[in-house]
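protein.cif (mmCIF, C-alpha atoms and all ligand atoms) appears below.
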```
data_work
#
loop_
_atom_site.label_atom_id
_atom_site.label_comp_id
_atom_site.auth_asym_id
_atom_site.auth_seq_id
_atom_site.Cartn_x
_atom_site.Cartn_y
_atom_site.Cartn_z
CA MET W 1 90.54 110.06 84.74
CA ARG W 2 92.34 106.76 84.92
CA ARG W 3 93.74 106.10 88.39
CA ARG W 4 97.51 106.25 88.64
CA THR W 5 98.58 102.76 89.67
CA ALA W 6 101.82 101.04 90.63
CA VAL W 7 102.49 97.31 90.83
CA LEU W 8 104.98 95.88 93.35
CA ILE W 9 106.66 92.62 92.42
CA SER W 10 109.43 90.28 93.51
CA GLY W 11 109.36 87.65 90.79
CA ARG W 12 108.18 86.42 87.41
CA GLY W 13 105.27 88.87 87.17
CA SER W 14 102.51 86.88 85.53
CA ASN W 15 99.87 88.80 87.50
CA LEU W 16 101.63 92.01 86.50
CA ALA W 17 101.32 90.87 82.88
CA ALA W 18 97.58 90.34 83.33
CA LEU W 19 97.20 93.82 84.82
CA LEU W 20 99.30 95.40 82.06
CA ALA W 21 97.20 93.64 79.42
CA ALA W 22 93.96 94.90 80.96
CA ALA W 23 95.32 98.43 81.18
CA GLN W 24 96.05 98.44 77.45
CA ASP W 25 92.37 99.22 77.01
CA PRO W 26 92.01 103.01 77.20
CA ASN W 27 88.65 102.51 78.91
CA TYR W 28 90.19 100.50 81.73
CA PRO W 29 89.93 102.73 84.83
CA ALA W 30 93.52 102.22 86.03
CA ASP W 31 96.72 103.17 84.25
CA ILE W 32 99.86 101.31 85.30
CA LEU W 33 102.56 103.92 85.48
CA LEU W 34 105.23 102.30 87.63
CA VAL W 35 106.50 98.84 88.50
CA VAL W 36 108.61 98.48 91.63
CA SER W 37 110.68 95.38 92.38
CA ASN W 38 112.62 94.62 95.53
CA VAL W 39 114.55 91.95 93.61
CA PRO W 40 117.12 93.03 91.03
CA GLY W 41 116.51 91.25 87.74
CA ALA W 42 113.03 89.97 88.68
CA GLY W 43 111.33 88.55 85.59
CA GLY W 44 108.46 91.01 85.83
CA LEU W 45 110.79 93.93 85.25
CA ALA W 46 111.40 92.83 81.66
CA LEU W 47 107.64 92.47 81.12
CA ALA W 48 107.10 96.03 82.30
CA GLU W 49 109.92 97.37 80.16
CA ALA W 50 108.52 95.57 77.12
CA ALA W 51 105.20 97.29 77.81
CA GLY W 52 106.93 100.67 78.07
CA VAL W 53 106.17 101.08 81.77
CA PRO W 54 108.86 102.68 83.96
CA THR W 55 110.45 100.39 86.51
CA VAL W 56 112.44 100.94 89.64
CA THR W 57 114.35 98.36 91.64
CA ILE W 58 114.64 99.03 95.34
CA ASP W 59 116.62 96.12 96.69
CA HIS W 60 115.88 95.43 100.34
CA LYS W 61 119.30 93.91 101.05
CA PRO W 62 121.28 97.16 101.47
CA PHE W 63 118.74 98.18 104.13
CA HIS W 64 119.94 95.29 106.35
CA GLY W 65 116.56 94.44 107.79
CA ASP W 66 115.38 98.02 108.29
CA ARG W 67 111.97 97.43 106.72
CA ALA W 68 110.68 100.91 107.44
CA ALA W 69 113.63 102.54 105.69
CA HIS W 70 113.18 100.23 102.69
CA GLU W 71 109.50 101.13 102.53
CA ALA W 72 110.28 104.82 102.88
CA ALA W 73 112.36 104.51 99.71
CA ILE W 74 109.43 102.78 97.98
CA VAL W 75 107.00 105.47 99.13
CA GLU W 76 109.36 108.09 97.74
CA ALA W 77 109.29 106.38 94.33
CA LEU W 78 105.49 106.07 94.46
CA ASP W 79 105.13 109.73 95.41
CA ALA W 80 107.49 110.82 92.65
CA ALA W 81 105.13 109.16 90.16
CA ALA W 82 102.00 110.53 91.93
CA ILE W 83 100.71 107.01 92.44
CA GLU W 84 97.17 106.65 93.85
CA LEU W 85 96.64 102.88 93.86
CA VAL W 86 99.05 100.03 94.57
CA CYS W 87 98.78 96.37 93.56
CA LEU W 88 100.99 93.79 95.24
CA ALA W 89 101.59 91.03 92.72
CA GLY W 90 103.91 88.40 94.11
CA TYR W 91 105.62 90.99 96.30
CA LEU W 92 107.40 88.85 98.86
CA ARG W 93 108.13 91.28 101.68
CA LYS W 94 106.27 91.67 104.94
CA LEU W 95 104.81 95.17 105.03
CA THR W 96 105.13 97.66 107.86
CA PRO W 97 102.45 100.12 109.04
CA LEU W 98 104.19 102.79 106.95
CA LEU W 99 103.16 101.48 103.54
CA VAL W 100 99.95 99.88 104.81
CA GLY W 101 98.79 103.10 106.46
CA ARG W 102 99.78 105.28 103.57
CA TYR W 103 97.75 103.22 101.10
CA ALA W 104 94.89 102.10 103.37
CA GLY W 105 91.90 101.30 101.16
CA ARG W 106 94.06 101.88 98.08
CA MET W 107 96.31 98.82 98.09
CA LEU W 108 95.38 95.32 96.91
CA ASN W 109 97.07 91.94 97.15
CA ILE W 110 96.47 88.67 95.35
CA HIS W 111 96.77 85.51 97.40
CA PRO W 112 96.69 81.95 96.06
CA SER W 113 94.01 80.48 98.32
CA LEU W 114 90.40 80.99 99.27
CA LEU W 115 91.05 83.23 102.25
CA PRO W 116 90.54 83.01 105.15
CA ALA W 117 91.74 79.44 104.42
CA PHE W 118 95.50 79.03 104.03
CA PRO W 119 97.01 82.44 104.65
CA GLY W 120 100.81 82.57 104.32
CA LEU W 121 103.06 80.37 102.20
CA HIS W 122 102.78 76.98 100.49
CA THR W 123 99.06 77.30 100.00
CA HIS W 124 98.73 74.63 97.31
CA GLU W 125 100.62 71.99 99.31
CA ARG W 126 98.51 72.80 102.36
CA ALA W 127 95.25 72.64 100.40
CA LEU W 128 96.20 69.20 99.07
CA ALA W 129 97.23 68.01 102.53
CA ALA W 130 93.95 69.24 103.99
CA GLY W 131 91.99 67.31 101.35
CA VAL W 132 89.84 70.25 100.26
CA LYS W 133 87.71 69.73 97.17
CA ARG W 134 87.86 73.33 96.06
CA HIS W 135 90.72 75.78 96.19
CA GLY W 136 91.27 79.16 94.57
CA CYS W 137 92.53 82.68 94.91
CA THR W 138 91.58 85.93 96.58
CA VAL W 139 92.11 89.63 95.93
CA HIS W 140 91.92 91.57 99.17
CA PHE W 141 92.68 94.99 100.57
CA VAL W 142 96.00 95.08 102.39
CA THR W 143 95.83 95.62 106.13
CA GLU W 144 98.40 95.04 108.83
CA GLY W 145 97.46 91.40 109.44
CA LEU W 146 98.96 88.86 107.04
CA ASP W 147 96.48 88.09 104.24
CA GLU W 148 93.66 89.39 106.42
CA GLY W 149 92.17 92.45 104.73
CA PRO W 150 88.63 92.73 103.38
CA ILE W 151 88.03 90.49 100.40
CA LEU W 152 87.24 92.07 97.06
CA ALA W 153 87.23 89.09 94.71
CA GLN W 154 87.58 85.34 94.79
CA ALA W 155 87.67 82.58 92.21
CA THR W 156 87.44 78.89 92.94
CA VAL W 157 88.83 75.88 91.10
CA PRO W 158 88.31 72.16 91.68
CA VAL W 159 91.00 70.01 93.25
CA LEU W 160 91.27 67.04 90.90
CA PRO W 161 92.42 63.47 91.53
CA GLY W 162 96.16 63.23 90.92
CA ASP W 163 96.76 66.92 91.42
CA THR W 164 100.21 67.97 92.55
CA ALA W 165 101.02 71.34 94.04
CA ASP W 166 102.23 72.38 90.59
CA THR W 167 99.13 71.33 88.65
CA LEU W 168 96.90 72.92 91.26
CA ALA W 169 98.98 76.11 91.30
CA ALA W 170 98.68 76.41 87.52
CA ARG W 171 94.89 76.04 87.67
CA VAL W 172 94.68 78.68 90.40
CA LEU W 173 97.08 81.03 88.61
CA ALA W 174 94.90 81.11 85.51
CA GLN W 175 92.08 82.39 87.71
CA GLU W 176 94.35 84.92 89.43
CA HIS W 177 94.89 86.46 86.02
CA VAL W 178 91.12 86.79 85.58
CA ILE W 179 90.14 88.27 88.93
CA TYR W 180 93.04 90.64 89.60
CA PRO W 181 92.32 92.95 86.67
CA ARG W 182 88.62 92.84 87.51
CA ALA W 183 89.25 93.68 91.16
CA LEU W 184 91.55 96.57 90.29
CA ALA W 185 88.92 97.88 87.92
CA LEU W 186 86.38 97.88 90.74
CA LEU W 187 88.71 99.75 93.05
CA ALA W 188 89.78 102.22 90.38
CA SER W 189 86.21 102.96 89.36
CA GLY W 190 85.06 103.52 92.92
CA GLN W 191 82.91 100.41 93.10
CA ALA W 192 84.88 98.72 95.84
CA GLY W 193 83.48 100.74 98.69
CA ALA W 194 81.58 97.95 100.39
CA PRO W 195 84.25 95.52 101.47
CA ASP W 196 81.77 93.59 103.61
CA LYS W 197 80.84 91.49 100.60
CA PRO W 198 83.02 90.07 97.86
CA LEU W 199 82.07 91.77 94.64
CA ILE W 200 83.37 89.14 92.27
CA GLN W 201 82.96 85.45 92.66
CA ALA W 202 84.14 83.43 89.73
CA ALA W 203 84.18 79.67 89.57
CA THR W 204 85.41 77.12 87.09
CA ALA W 205 83.72 73.79 86.47
CA PRO W 206 82.98 71.33 87.89
C1 LIG W 301 100.95 84.32 92.70
O1 LIG W 301 100.54 82.99 92.90
C2 LIG W 301 100.32 85.23 93.73
O2 LIG W 301 99.05 84.81 94.11
C3 LIG W 301 101.26 85.11 94.89
O3 LIG W 301 102.55 85.03 94.31
C4 LIG W 301 102.44 84.52 92.99
C5 LIG W 301 103.04 85.53 92.09
O4 LIG W 301 103.13 85.10 90.77
N1 LIG W 301 101.07 86.22 95.80
P1 LIG W 301 103.47 86.11 89.61
O5 LIG W 301 104.81 86.75 89.95
O6 LIG W 301 102.37 87.12 89.53
O7 LIG W 301 103.58 85.27 88.38
#
```
Using the file provided, produce a representation of the structure as structure tokens.
Ligand code: GRF
Amino acid sequence: MRRRTAVLISGRGSNLAALLAAAQDPNYPADILLVVSNVPGAGGLALAEAAGVPTVTIDHKPFHGDRAAHEAAIVEALDAAAIELVCLAGYLRKLTPLLVGRYAGRMLNIHPSLLPAFPGLHTHERALAAGVKRHGCTVHFVTEGLDEGPILAQATVPVLPGDTADTLAARVLAQEHVIYPRALALLASGQAGAPDKPLIQAATAP
């Protein structure tokens, strides 16, 4: 049985597109059955609709900062679709213990750095400012700490002379699209039970 999966987005949805493409394969162990956006009109919503996947927009603004109430509405939508696994893909809201606890061990996030380096925002700018030679992306389980959960997959890319935050972001993003579907497949097929070691490590030359 393919695991019933939802993807939470706030924006353009390129990682969502990578997950949807992987799930086109009937042998892929996760089926994406719902896309939830907290931003009305987010680009990813159109991608989901084009793929025939139901979407729901649960705008956080009418909740006036009541994060738990906003998440309760999200949980209700996830429950209504009998969702088992959740992928955060550019979902730009801080989570509360409600959603984190509900999906403990069943919720993944993709982050554009080699965690534990550069948690939080502006990762590419910070990597350039720090002068690192390699940068990358991480898929990790979601826990209450920001970008802190056990790591499931990482990919590294070189930082090249003349890189800007934009050129570096594009190089990293291409790898995000590789490792996120692979990481979800591991979780969905029950092979992600040993979060003490990253199960995927991809690297691009040099
Ligand atoms: C990605 O860089 C992801 O790592 C970060 O937010 C960005 C989302 O991009 N969490 P997209 O919406 O998947 O294109």
Query raised in the report: Given the choices W:His60, W:Arg93, W:Arg106, W:Lys133, which gets closest to ligand LIG 301 (chain W) if the distance is worked out from only C-alpha atoms and all ligand atoms?
Result: W:Arg93
Requested in this report: Provide the atom CA of W:Val139 to atom CA of W:Ile110 distance in Å, to one decimal place.
Outcome: 4.5 Å
**Report entry** Expected answer as a VMD selection string: residues within 9 Å of ligand LIG 301 (chain W), all atoms listed in the file
**Finding:** chain W and resid 9 to 18 42 to 44 88 to 92 109 to 113 121 137 to 139 169 to 170 172 to 173 176 to 177
Box in all listed atoms of stretch 161-170 of chain W, axis-aligned, with 3 Å more on each side; write out centre and edge lengths in Å to one decimal as AutoDock Vina command-line options.
```
--center_x 97.3 --center_y 69.8 --center_z 90.8 --size_x 15.8 --size_y 19.2 --size_z 12.5
```
Requested in this report: Quick one: pull the distance between atom CA of W:Leu108 and atom CA of W:Glu144, Å, one decimal.
Outcome: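 Between atom CA of W:Leu108 and atom CA of W:Glu144 the gap works out to 12.3 Å.
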**Report entry** Å distance separating atom CA of W:Ala127 from atom CA of W:Leu186, one decimal place
**Finding:** 28.4 Å
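Using all atoms listed in the file, the protein and nucleic acid residues lying no more than 12 Å from W:Ala129, apart from those fewer than 5 places from it along its own chain, are Phe118, His122, Thr123, His124, His135, Val159, Asp163, Thr164 and Ala165 of chain W.
Among the candidates W:Ala46, W:Val142, W:Ala192, W:Ala153, the residue lying nearest to W:Tyr180 is W:Ala153 (atoms considered: all atoms listed in the file).
Using only C-alpha atoms for every distance, the candidate list W:Gly145, W:Pro150, W:Pro54, W:Pro158 yields W:Pro54 as the residue closest to W:Leu78.
Minimum atom-to-atom distances from W:Ala23, W:Thr167, W:Cys87, W:Pro29 to W:Gln191 were compared using all atoms listed in the file, and the lowest value belongs to W:Pro29.
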Query raised in the report: Hey, which of W:Ile179, W:Ala185, W:Leu114, W:Val132 ends up closest to W:Leu85? Count all atoms listed in the file.
Result: W:Ala185
**Report entry** Residue with smallest distance to W:Leu20 - pool W:Ser37, W:Thr5, W:Gln175, W:Gln154, counting all atoms listed in the file
**Finding:**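 When distances to W:Leu20 are compared using all atoms listed in the file, the smallest one comes from W:Thr5.
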Mind rebuilding stretch 140-162 of chain W with N, CA and C atoms and writing that out as a JSON list (two decimals), keeping the file's coordinate frame?
```json
[["chain", "number", "residue", "atom", "x", "y", "z"],
["W", 140, "HIS", "N", 92.40, 90.91, 97.95],
["W", 140, "HIS", "CA", 91.92, 91.57, 99.17],
["W", 140, "HIS", "C", 92.66, 92.89, 99.38],
["W", 141, "PHE", "N", 92.01, 93.76, 100.13],
["W", 141, "PHE", "CA", 92.68, 94.99, 100.57],
["W", 141, "PHE", "C", 93.80, 94.60, 101.54],
["W", 142, "VAL", "N", 94.88, 95.36, 101.50],
["W", 142, "VAL", "CA", 96.00, 95.08, 102.39],
["W", 142, "VAL", "C", 95.81, 95.83, 103.71],
["W", 143, "THR", "N", 95.86, 95.05, 104.78],
["W", 143, "THR", "CA", 95.83, 95.62, 106.13],
["W", 143, "THR", "C", 97.05, 95.09, 106.87],
["W", 144, "GLU", "N", 97.16, 95.42, 108.15],
["W", 144, "GLU", "CA", 98.40, 95.04, 108.83],
["W", 144, "GLU", "C", 98.51, 93.54, 109.07],
["W", 145, "GLY", "N", 97.39, 92.85, 109.22],
["W", 145, "GLY", "CA", 97.46, 91.40, 109.44],
["W", 145, "GLY", "C", 97.83, 90.69, 108.13],
["W", 146, "LEU", "N", 98.53, 89.60, 108.24],
["W", 146, "LEU", "CA", 98.96, 88.86, 107.04],
["W", 146, "LEU", "C", 97.75, 88.25, 106.32],
["W", 147, "ASP", "N", 97.54, 88.65, 105.09],
["W", 147, "ASP", "CA", 96.48, 88.09, 104.24],
["W", 147, "ASP", "C", 95.10, 88.19, 104.91],
["W", 148, "GLU", "N", 94.87, 89.28, 105.60],
["W", 148, "GLU", "CA", 93.66, 89.39, 106.42],
["W", 148, "GLU", "C", 92.66, 90.44, 105.96],
["W", 149, "GLY", "N", 93.02, 91.31, 105.03],
["W", 149, "GLY", "CA", 92.17, 92.45, 104.73],
["W", 149, "GLY", "C", 90.87, 92.05, 104.07],
["W", 150, "PRO", "N", 89.92, 93.00, 104.00],
["W", 150, "PRO", "CA", 88.63, 92.73, 103.38],
["W", 150, "PRO", "C", 88.77, 92.19, 101.97],
["W", 151, "ILE", "N", 87.94, 91.20, 101.68],
["W", 151, "ILE", "CA", 88.03, 90.49, 100.40],
["W", 151, "ILE", "C", 87.24, 91.23, 99.33],
["W", 152, "LEU", "N", 87.87, 91.38, 98.18],
["W", 152, "LEU", "CA", 87.24, 92.07, 97.06],
["W", 152, "LEU", "C", 86.80, 91.10, 95.98],
["W", 153, "ALA", "N", 87.55, 90.03, 95.78],
["W", 153, "ALA", "CA", 87.23, 89.09, 94.71],
["W", 153, "ALA", "C", 87.81, 87.72, 95.04],
["W", 154, "GLN", "N", 87.06, 86.69, 94.65],
["W", 154, "GLN", "CA", 87.58, 85.34, 94.79],
["W", 154, "GLN", "C", 87.19, 84.51, 93.57],
["W", 155, "ALA", "N", 88.02, 83.56, 93.24],
["W", 155, "ALA", "CA", 87.67, 82.58, 92.21],
["W", 155, "ALA", "C", 88.00, 81.20, 92.76],
["W", 156, "THR", "N", 87.18, 80.24, 92.45],
["W", 156, "THR", "CA", 87.44, 78.89, 92.94],
["W", 156, "THR", "C", 87.75, 77.96, 91.78],
["W", 157, "VAL", "N", 88.54, 76.94, 92.08],
["W", 157, "VAL", "CA", 88.83, 75.88, 91.10],
["W", 157, "VAL", "C", 88.66, 74.54, 91.81],
["W", 158, "PRO", "N", 88.39, 73.49, 91.04],
["W", 158, "PRO", "CA", 88.31, 72.16, 91.68],
["W", 158, "PRO", "C", 89.71, 71.63, 91.98],
["W", 159, "VAL", "N", 89.79, 70.81, 93.02],
["W", 159, "VAL", "CA", 91.00, 70.01, 93.25],
["W", 159, "VAL", "C", 90.71, 68.66, 92.62],
["W", 160, "LEU", "N", 91.55, 68.24, 91.68],
["W", 160, "LEU", "CA", 91.27, 67.04, 90.90],
["W", 160, "LEU", "C", 92.13, 65.87, 91.35],
["W", 161, "PRO", "N", 91.62, 64.64, 91.17],
["W", 161, "PRO", "CA", 92.42, 63.47, 91.53],
["W", 161, "PRO", "C", 93.78, 63.54, 90.82],
["W", 162, "GLY", "N", 94.82, 63.22, 91.52],
["W", 162, "GLY", "CA", 96.16, 63.23, 90.92],
["W", 162, "GLY", "C", 96.82, 64.59, 90.91]]
```
